[in-house]
Amino acid sequence: MNKKHEKVIAPDVGWRNVTRAGIIPTAGNAEYYETGGWRTKKPVWIEDKCIHCLLCWRFCPDSSVIAEDGKFGRFDYEHCKGCGICVNVCPSDAIDFIDEGETSEGRNDGE
Amino acid sequence: MNKKVALTGNEAVALSMKQINPDVVAAYPITPQTEIVQFFSSFVANGQVDTEFVTVESEHSAMSATVGASAAGARAMTATSANGLALMWEVVYIAASNRLPIVMPVVNRALSAPINIHCDHSDTMGARDSGWIQLYSENSQEAYDNMIQAVRIAEHPDVLLPVMVMMDGFIISHGLENLEVMDDESVKDFVGTYKPDHYLLDIENPITMGPLALFDFYFEVKRQQAEAMKNAKDVILDVAKEYKDLSGREYGLFESYKLDDAEIAIVVMSSAAGTGKYVVDKLREEGKKAGLLKLRVFRPFPHKEIAEALKHIKALAVMDRAESFSDFGGPLFAPIRSALFDVKNDIKVVDYIYGLGGRDIVPPHIEKVFNDLEEIKETGKYDKLVNYLGVRE
Amino acid sequence: MTIVIFEREEQIKMSDVIEIRWHGRGGQGAKTAAILLAEAASRVGKYIQGFPEYGPERMGAPVTAYTRIGDKPIRIHANILEPDIVVILDPTLIRATDVASGVSENGIFIINTIESPAVMRKKLNLKGGRVFTVDANNISLETIGRVIPNTPLMGALIKVAEVIPYDDFLKIMKEEFEKKFKSRPEVVEGNIKAMERAYQEVKGE
């Protein structure tokens, strides 16, 4: 995904050079806005309980369950907001829902 | 009687509504106004008001419900901002044209596009021809006081027009400030009971409201509506006098700040006026003859009084927190300049458009404006008629 | 306006208003602290402003909030560009935001961290100014039972720069918390303890 919009919508761009109507000249750029930092709780995959039904993938409102070859792959922790819907719909209790640290110093998302 | 408190603008307005205790409030949320109807809903839930609280599905419905309630004979209110006001646009005109004394706080927020939640005056400026009386508040104190006075202004038999009470989004609505509020009884006595002379639920004297009126009658109805707006000016001043006796706080059509012997001055509305006064004081200490006119009443537009207050100024800058896209400045520029036309004093008037979409306006910006005015005063010439303050070039 | 800076009588600024800028992440209480402090000051007769800077406000997103406290009515309506005091609730923001923007040589930083003031001075790359630190996370964990740095940091601020008298501050805060946490007196106690501990434990250079 190219980030050509960064050149034309830089934080210091003047009025003559900003894009017309503020149009962003790329698509799919929501990916660059990392909302993982919004979490207070975090889903964790329990592999041996997972039946790969992909209900979590289907219901995640933030496209933060990544499927690979028709099976559960991983959670996208850069975007998962910790809403818990996946935990709620999983039919085999294969997702744990743990507390995130209160500050980023306490974050345990592997960063 | 007066109590010193610290409240945000939204809390102050919600408190004023609680003390007014209207018959009907139609509610729909929009940032940054939502807290007003949200706080009010808890007053309703707690039984602290007698209001019928009507939750609707859009702002168009909110104003429709308010118009319906008011036409039925109720004291009715709603609140909105930005695109919410824009969505209710046709009904806003209908409220005024049906001479319904609705009071509505509008928390100023920029109109889309782009989507923006912060302050500018594009929303209510877009409604400046709707026939509503428009009052702009500098801070939470003024928002509170304007709301209470608005009820009396709107319901006065010589007026019977709806009133919009404005305050700046986030800056005032979400900013905590000191203010004085009155006790419930005093506000209740001041606003009194609404006694409409013609209303739909009056079964003794049934009426039909909102008829068809073509080229045979429309013009006469409108001419009469214009007369009501004309009357509003004196009513606003009379209500202010009464309010001063009650609260000790004084209001007029505008505030003249260090204007009497000023040579350079700015005209400004709402929260930036506070920053403007701070800058005027600073310049006065430096020996500059700077002054400021803070306009409170935008509709009706008190052109005679404004001309009288500014007739001796040599160089004047109008501060517009909205663009009219007229290629001739913002919505405050044109009427101010026009008001000074008859004074025939060769006052140089220029426009500064600032703060669009919530762009912060700071003392150095306003100092720059006064520096420009000094230059204009000395040379008798201005560089640009319409300037943009605080935009990245 | 003259206020006591960490036990030394000092004139903090030429003008009559103390300007405080708070940096935190959504959920840490920066906005609440800015507003609570303003409210407390208003109760002892000061003129105040307390307001947040709004962006997309969510847990974890950087939040900036402001407090102004003065002896005369405050009319200016603008963000604080040259704060006298900067309170940092989350030191990871030092990388993310320019927390030192506009702070003069006499500026004061109060930081929630386990590190020492000298280490934080290096991290902030400061030439002048004074740095104070307190482990607000740990204090709140031990007194309130969860990590919520704003209450202890308010206690630390009053110690560093007594913008309102400490005893008045504690009394007003107790009343506010009693109102807010009517059914949970242990939360009220915990918050007061947090402020008292931070007041004792904050250290400067």
# chains A, B, ... in the order shown; residues from 1 in each chain; ligands from 1
>>> closest_atom_pairs(of="chain A", to="chain B", cutoff="7 Å", atoms="only C-alpha atoms", output="tab-separated table")
residue	atom	partner	partner_atom	distance
A:Gly14	CA	B:Arg392	CA	4.6
A:Trp15	CA	B:Glu393	CA	5.7
A:Ala21	CA	B:Pro114	CA	6.9
A:Gly22	CA	B:Pro114	CA	6.8
>>> interface_residues(of="chain C", to="chain A", cutoff="10 Å", atoms="only C-alpha atoms", output="list of chain:residue names")
C:Gly24, C:Arg25, C:Gly26, C:Gly27, C:Gln28, C:Glu57, C:Arg58, C:Met59, C:Gly60, C:Ala61, C:Pro62, C:Leu89, C:Asp90, C:Pro91, C:Thr92, C:Leu93, C:Asn137, C:Arg146, C:Val147, C:Ile148, C:Pro149
>>> write_last_selection(atoms="N, CA, C and O atoms", output="short mmCIF file (atom, residue, chain, number, x, y, z; two decimals), in the first residue's frame")
data_model
loop_
_atom_site.label_atom_id
_atom_site.label_comp_id
_atom_site.auth_asym_id
_atom_site.auth_seq_id
_atom_site.Cartn_x
_atom_site.Cartn_y
_atom_site.Cartn_z
N GLY C 24 -1.44 13.42 28.67
CA GLY C 24 -1.73 12.05 29.08
C GLY C 24 -2.25 11.26 27.91
O GLY C 24 -2.27 11.76 26.78
N ARG C 25 -2.68 10.06 28.19
CA ARG C 25 -3.39 9.28 27.17
C ARG C 25 -4.82 9.12 27.64
O ARG C 25 -5.10 9.14 28.85
N GLY C 26 -5.71 8.96 26.72
CA GLY C 26 -7.12 8.79 27.06
C GLY C 26 -7.27 7.70 28.11
O GLY C 26 -6.75 6.61 27.94
N GLY C 27 -7.98 8.01 29.18
CA GLY C 27 -8.18 7.02 30.22
C GLY C 27 -7.30 7.22 31.44
O GLY C 27 -7.53 6.61 32.47
N GLN C 28 -6.28 8.09 31.31
CA GLN C 28 -5.40 8.30 32.45
C GLN C 28 -5.86 9.45 33.33
O GLN C 28 -5.32 9.67 34.40
N GLU C 57 -11.02 11.36 20.62
CA GLU C 57 -10.73 11.03 22.01
C GLU C 57 -11.10 9.59 22.31
O GLU C 57 -12.26 9.23 22.25
N ARG C 58 -10.13 8.80 22.61
CA ARG C 58 -10.35 7.40 22.96
C ARG C 58 -9.29 6.97 23.93
O ARG C 58 -8.27 7.61 24.06
N MET C 59 -9.55 5.86 24.58
CA MET C 59 -8.54 5.29 25.47
C MET C 59 -7.24 5.11 24.69
O MET C 59 -7.25 4.55 23.60
N GLY C 60 -6.18 5.57 25.26
CA GLY C 60 -4.87 5.35 24.63
C GLY C 60 -4.42 6.48 23.71
O GLY C 60 -3.24 6.63 23.47
N ALA C 61 -5.36 7.28 23.20
CA ALA C 61 -4.95 8.36 22.31
C ALA C 61 -4.39 9.51 23.15
O ALA C 61 -4.88 9.78 24.23
N PRO C 62 -3.38 10.21 22.64
CA PRO C 62 -2.81 11.32 23.41
C PRO C 62 -3.86 12.40 23.67
O PRO C 62 -4.63 12.76 22.79
N LEU C 89 1.53 12.69 32.42
CA LEU C 89 0.95 11.52 33.07
C LEU C 89 1.54 10.23 32.50
O LEU C 89 1.47 9.18 33.14
N ASP C 90 2.07 10.29 31.29
CA ASP C 90 2.59 9.09 30.64
C ASP C 90 3.87 9.44 29.91
O ASP C 90 3.84 10.09 28.87
N PRO C 91 5.02 9.02 30.45
CA PRO C 91 6.30 9.44 29.86
C PRO C 91 6.56 8.91 28.45
O PRO C 91 7.41 9.45 27.76
N THR C 92 5.78 7.93 28.00
CA THR C 92 6.00 7.48 26.61
C THR C 92 5.58 8.57 25.64
O THR C 92 5.94 8.55 24.47
N LEU C 93 4.81 9.56 26.15
CA LEU C 93 4.40 10.67 25.30
C LEU C 93 5.56 11.58 24.94
O LEU C 93 5.46 12.37 24.00
N ASN C 137 2.03 5.92 39.15
CA ASN C 137 1.42 4.62 38.83
C ASN C 137 1.41 3.73 40.06
O ASN C 137 0.40 3.14 40.43
N ARG C 146 -5.79 0.57 41.47
CA ARG C 146 -5.53 0.44 40.04
C ARG C 146 -4.64 1.59 39.59
O ARG C 146 -4.46 2.57 40.32
N VAL C 147 -4.07 1.43 38.39
CA VAL C 147 -3.16 2.45 37.89
C VAL C 147 -3.96 3.61 37.31
O VAL C 147 -4.56 3.49 36.24
N ILE C 148 -4.01 4.74 38.03
CA ILE C 148 -4.70 5.94 37.56
C ILE C 148 -3.90 7.14 38.08
O ILE C 148 -4.06 7.58 39.21
N PRO C 149 -2.96 7.62 37.22
CA PRO C 149 -1.95 8.56 37.72
C PRO C 149 -2.43 9.97 38.01
O PRO C 149 -1.68 10.76 38.61
#
>>> interface_residues(of="chain B", to="chain C", cutoff="9 Å", atoms="only C-alpha atoms", output="list in words")
Lys4, Val5, Ala6, Leu7, Thr8, His118, Asn139, Phe170, Ile171, Ile172, His174, Gly175, Leu176, Glu177, Asn178, Ser271, Ala272, Ala273, Gly274, Thr275, Gly276, Lys277, Tyr278, Val279, Asp360, Ile361, Val362 and Pro363 of chain B
>>> select_by_dssp(residues="range 137-291 of chain B", states="strand (DSSP E or B)", output="number ranges by chain")
B: 163-168, 176-182, 254-257, 264-268, 290-291
>>> write_last_selection(atoms="C-alpha atoms", output="compact mmCIF listing (two decimals), in the first residue's frame")
# COMPACT_ATOMS: atom_id res chain seq x y z
CA VAL B 163 -34.21 33.18 19.29
CA MET B 164 -30.89 31.40 18.70
CA VAL B 165 -28.38 31.70 21.54
CA MET B 166 -24.82 30.95 20.39
CA MET B 167 -21.65 29.90 22.14
CA ASP B 168 -18.40 28.64 20.66
CA LEU B 176 -14.78 25.34 32.55
CA GLU B 177 -15.03 28.99 33.59
CA ASN B 178 -16.21 31.04 36.57
CA LEU B 179 -19.70 32.47 36.40
CA GLU B 180 -22.57 33.60 38.58
CA VAL B 181 -25.90 31.85 38.43
CA MET B 182 -29.20 32.80 39.97
CA PHE B 254 -22.94 45.11 21.78
CA GLU B 255 -20.08 45.86 24.16
CA SER B 256 -17.86 48.88 23.48
CA TYR B 257 -14.44 48.15 24.93
CA ILE B 264 -7.88 51.66 15.55
CA ALA B 265 -10.41 48.98 16.44
CA ILE B 266 -11.71 45.51 15.71
CA VAL B 267 -15.26 44.18 15.55
CA VAL B 268 -15.49 40.62 16.87
CA ALA B 290 -6.84 50.52 20.41
CA GLY B 291 -10.44 49.53 20.99
>>> atom_distance(atom1="CA of Cys60 in chain A", atom2="CA of Thr26 in chain A")
24.2 Å
>>> select_by_dssp(residues="range 114-270 of chain B", states="alpha helix (DSSP H)", output="ChimeraX atom specification")
/B:122-125,140-155,184-191,218-247
>>> atom_distance(atom1="CA of Asn2 in chain B", atom2="CA of Ile18 in chain C")
27.1 Å
>>> residues_around(residues="Tyr77 in chain A", least_positions_apart="4", cutoff="12 Å", atoms="only C-alpha atoms", output="VMD selection string")
chain A and resid 31 34 to 39 41 to 45 62 to 66 81 to 82 100 107 to 111
>>> atom_distance(atom1="CA of Leu157 in chain C", atom2="CA of Val4 in chain C")
11.3 Å
>>> residues_around(residues="Ile46 in chain A", least_positions_apart="2", cutoff="7 Å", atoms="only C-alpha atoms", output="ChimeraX atom specification")
/A:44,48-50,94-96
>>> closest_residue(among="B:Asp346, B:Asp327, B:Glu138, B:Asp158", to="Gln225 in chain B", atoms="only C-alpha atoms")
B:Asp158
>>> residues_around(residues="Leu170 in chain C", least_positions_apart="2", cutoff="9 Å", atoms="only C-alpha atoms", output="number ranges by chain")
C: 155, 165-168, 172-175, 192, 195-196
>>> write_last_selection(atoms="all heavy atoms", output="short mmCIF file (atom, residue, chain, number, x, y, z; two decimals), in the first residue's frame")
data_model
loop_
_atom_site.label_atom_id
_atom_site.label_comp_id
_atom_site.auth_asym_id
_atom_site.auth_seq_id
_atom_site.Cartn_x
_atom_site.Cartn_y
_atom_site.Cartn_z
N GLY C 155 -1.64 15.88 43.62
CA GLY C 155 -1.00 16.09 44.92
C GLY C 155 0.43 16.58 44.76
O GLY C 155 0.88 17.50 45.44
N PRO C 165 -3.77 26.70 48.51
CA PRO C 165 -3.24 26.11 49.75
C PRO C 165 -3.56 24.62 49.84
O PRO C 165 -4.67 24.20 49.54
CB PRO C 165 -3.95 26.91 50.84
CG PRO C 165 -4.33 28.19 50.19
CD PRO C 165 -4.61 27.87 48.77
N TYR C 166 -2.57 23.84 50.25
CA TYR C 166 -2.68 22.38 50.29
C TYR C 166 -3.87 21.91 51.12
O TYR C 166 -4.60 21.00 50.71
CB TYR C 166 -1.37 21.79 50.85
CG TYR C 166 -1.33 20.29 50.98
CD1 TYR C 166 -1.55 19.47 49.87
CD2 TYR C 166 -1.08 19.68 52.21
CE1 TYR C 166 -1.51 18.09 49.98
CE2 TYR C 166 -1.03 18.30 52.32
CZ TYR C 166 -1.25 17.51 51.21
OH TYR C 166 -1.20 16.14 51.34
N ASP C 167 -4.07 22.52 52.28
CA ASP C 167 -5.17 22.07 53.13
C ASP C 167 -6.53 22.30 52.47
O ASP C 167 -7.42 21.45 52.56
CB ASP C 167 -5.12 22.78 54.49
CG ASP C 167 -3.87 22.39 55.27
OD1 ASP C 167 -3.48 21.20 55.16
OD2 ASP C 167 -3.29 23.25 55.94
N ASP C 168 -6.68 23.47 51.83
CA ASP C 168 -7.92 23.76 51.11
C ASP C 168 -8.10 22.73 50.00
O ASP C 168 -9.20 22.21 49.78
CB ASP C 168 -7.87 25.16 50.48
CG ASP C 168 -7.97 26.24 51.53
OD1 ASP C 168 -8.61 26.00 52.57
OD2 ASP C 168 -7.41 27.33 51.32
N ILE C 172 -11.29 20.23 49.57
CA ILE C 172 -12.18 20.31 48.41
C ILE C 172 -12.19 19.00 47.64
O ILE C 172 -13.25 18.52 47.20
CB ILE C 172 -11.76 21.49 47.50
CG1 ILE C 172 -11.99 22.80 48.22
CG2 ILE C 172 -12.54 21.47 46.18
CD1 ILE C 172 -11.31 23.99 47.57
N MET C 173 -11.04 18.40 47.46
CA MET C 173 -10.95 17.13 46.73
C MET C 173 -11.77 16.06 47.45
O MET C 173 -12.47 15.27 46.82
CB MET C 173 -9.49 16.68 46.62
CG MET C 173 -8.69 17.45 45.60
SD MET C 173 -9.27 17.16 43.91
CE MET C 173 -10.07 18.68 43.57
N LYS C 174 -11.69 16.06 48.78
CA LYS C 174 -12.46 15.07 49.56
C LYS C 174 -13.94 15.25 49.27
O LYS C 174 -14.65 14.28 49.01
CB LYS C 174 -12.15 15.24 51.05
CG LYS C 174 -12.75 14.17 51.94
CD LYS C 174 -11.83 13.90 53.16
CE LYS C 174 -12.26 12.64 53.89
NZ LYS C 174 -13.26 12.94 54.93
N GLU C 175 -14.41 16.51 49.28
CA GLU C 175 -15.83 16.78 49.00
C GLU C 175 -16.22 16.32 47.60
O GLU C 175 -17.26 15.71 47.40
CB GLU C 175 -16.11 18.28 49.13
CG GLU C 175 -16.19 18.74 50.57
CD GLU C 175 -16.21 20.27 50.67
OE1 GLU C 175 -16.52 20.93 49.66
OE2 GLU C 175 -15.90 20.77 51.76
N ILE C 192 -7.56 10.25 48.32
CA ILE C 192 -6.94 11.23 49.22
C ILE C 192 -5.55 10.75 49.63
O ILE C 192 -4.58 11.51 49.62
CB ILE C 192 -7.82 11.47 50.47
CG1 ILE C 192 -9.17 12.03 50.06
CG2 ILE C 192 -7.12 12.41 51.45
CD1 ILE C 192 -9.09 13.36 49.33
N MET C 195 -3.07 11.34 46.88
CA MET C 195 -2.60 12.72 46.79
C MET C 195 -1.60 13.02 47.90
O MET C 195 -0.57 13.67 47.67
CB MET C 195 -3.78 13.68 46.90
CG MET C 195 -4.67 13.64 45.68
SD MET C 195 -5.86 14.99 45.77
CE MET C 195 -7.21 14.22 44.98
N GLU C 196 -1.91 12.56 49.12
CA GLU C 196 -1.02 12.83 50.24
C GLU C 196 0.35 12.18 50.03
O GLU C 196 1.39 12.78 50.28
CB GLU C 196 -1.64 12.31 51.54
CG GLU C 196 -2.79 13.18 52.04
CD GLU C 196 -3.54 12.56 53.21
OE1 GLU C 196 -3.55 11.32 53.32
OE2 GLU C 196 -4.12 13.34 53.99
#
>>> decode(residues="range 235-251 of chain B", atoms="N, CA and C atoms", output="PDB file, in the first residue's frame")
ATOM      1  N   VAL B 235     -36.993  45.764  22.347  1.00  0.00           N
ATOM      2  CA  VAL B 235     -37.393  44.743  23.332  1.00  0.00           C
ATOM      3  C   VAL B 235     -36.157  44.124  23.975  1.00  0.00           C
ATOM      4  N   ILE B 236     -35.141  43.851  23.136  1.00  0.00           N
ATOM      5  CA  ILE B 236     -33.887  43.288  23.665  1.00  0.00           C
ATOM      6  C   ILE B 236     -33.302  44.216  24.724  1.00  0.00           C
ATOM      7  N   LEU B 237     -33.343  45.522  24.455  1.00  0.00           N
ATOM      8  CA  LEU B 237     -32.784  46.483  25.405  1.00  0.00           C
ATOM      9  C   LEU B 237     -33.636  46.581  26.666  1.00  0.00           C
ATOM     10  N   ASP B 238     -34.968  46.537  26.508  1.00  0.00           N
ATOM     11  CA  ASP B 238     -35.843  46.594  27.677  1.00  0.00           C
ATOM     12  C   ASP B 238     -35.659  45.374  28.567  1.00  0.00           C
ATOM     13  N   VAL B 239     -35.598  44.210  27.955  1.00  0.00           N
ATOM     14  CA  VAL B 239     -35.405  42.968  28.723  1.00  0.00           C
ATOM     15  C   VAL B 239     -34.054  43.011  29.444  1.00  0.00           C
ATOM     16  N   ALA B 240     -33.053  43.550  28.762  1.00  0.00           N
ATOM     17  CA  ALA B 240     -31.722  43.642  29.374  1.00  0.00           C
ATOM     18  C   ALA B 240     -31.747  44.526  30.613  1.00  0.00           C
ATOM     19  N   LYS B 241     -32.546  45.624  30.526  1.00  0.00           N
ATOM     20  CA  LYS B 241     -32.641  46.536  31.677  1.00  0.00           C
ATOM     21  C   LYS B 241     -33.248  45.807  32.878  1.00  0.00           C
ATOM     22  N   GLU B 242     -34.332  45.089  32.605  1.00  0.00           N
ATOM     23  CA  GLU B 242     -34.977  44.310  33.665  1.00  0.00           C
ATOM     24  C   GLU B 242     -34.028  43.265  34.223  1.00  0.00           C
ATOM     25  N   TYR B 243     -33.275  42.640  33.317  1.00  0.00           N
ATOM     26  CA  TYR B 243     -32.347  41.586  33.735  1.00  0.00           C
ATOM     27  C   TYR B 243     -31.231  42.154  34.602  1.00  0.00           C
ATOM     28  N   LYS B 244     -30.829  43.382  34.305  1.00  0.00           N
ATOM     29  CA  LYS B 244     -29.784  44.014  35.108  1.00  0.00           C
ATOM     30  C   LYS B 244     -30.284  44.238  36.534  1.00  0.00           C
ATOM     31  N   ASP B 245     -31.524  44.680  36.648  1.00  0.00           N
ATOM     32  CA  ASP B 245     -32.094  44.887  37.979  1.00  0.00           C
ATOM     33  C   ASP B 245     -32.133  43.593  38.771  1.00  0.00           C
ATOM     34  N   LEU B 246     -32.366  42.494  38.072  1.00  0.00           N
ATOM     35  CA  LEU B 246     -32.451  41.196  38.744  1.00  0.00           C
ATOM     36  C   LEU B 246     -31.079  40.624  39.073  1.00  0.00           C
ATOM     37  N   SER B 247     -30.180  40.634  38.098  1.00  0.00           N
ATOM     38  CA  SER B 247     -28.921  39.895  38.245  1.00  0.00           C
ATOM     39  C   SER B 247     -27.726  40.775  38.570  1.00  0.00           C
ATOM     40  N   GLY B 248     -27.846  42.066  38.237  1.00  0.00           N
ATOM     41  CA  GLY B 248     -26.710  42.958  38.390  1.00  0.00           C
ATOM     42  C   GLY B 248     -25.805  42.959  37.169  1.00  0.00           C
ATOM     43  N   ARG B 249     -26.093  42.114  36.190  1.00  0.00           N
ATOM     44  CA  ARG B 249     -25.236  42.033  35.009  1.00  0.00           C
ATOM     45  C   ARG B 249     -25.880  42.791  33.847  1.00  0.00           C
ATOM     46  N   GLU B 250     -25.038  43.570  33.154  1.00  0.00           N
ATOM     47  CA  GLU B 250     -25.542  44.482  32.137  1.00  0.00           C
ATOM     48  C   GLU B 250     -25.316  43.974  30.723  1.00  0.00           C
ATOM     49  N   TYR B 251     -26.334  44.074  29.901  1.00  0.00           N
ATOM     50  CA  TYR B 251     -26.215  43.657  28.496  1.00  0.00           C
ATOM     51  C   TYR B 251     -26.782  44.726  27.589  1.00  0.00           C
TER      52      TYR B 251
END
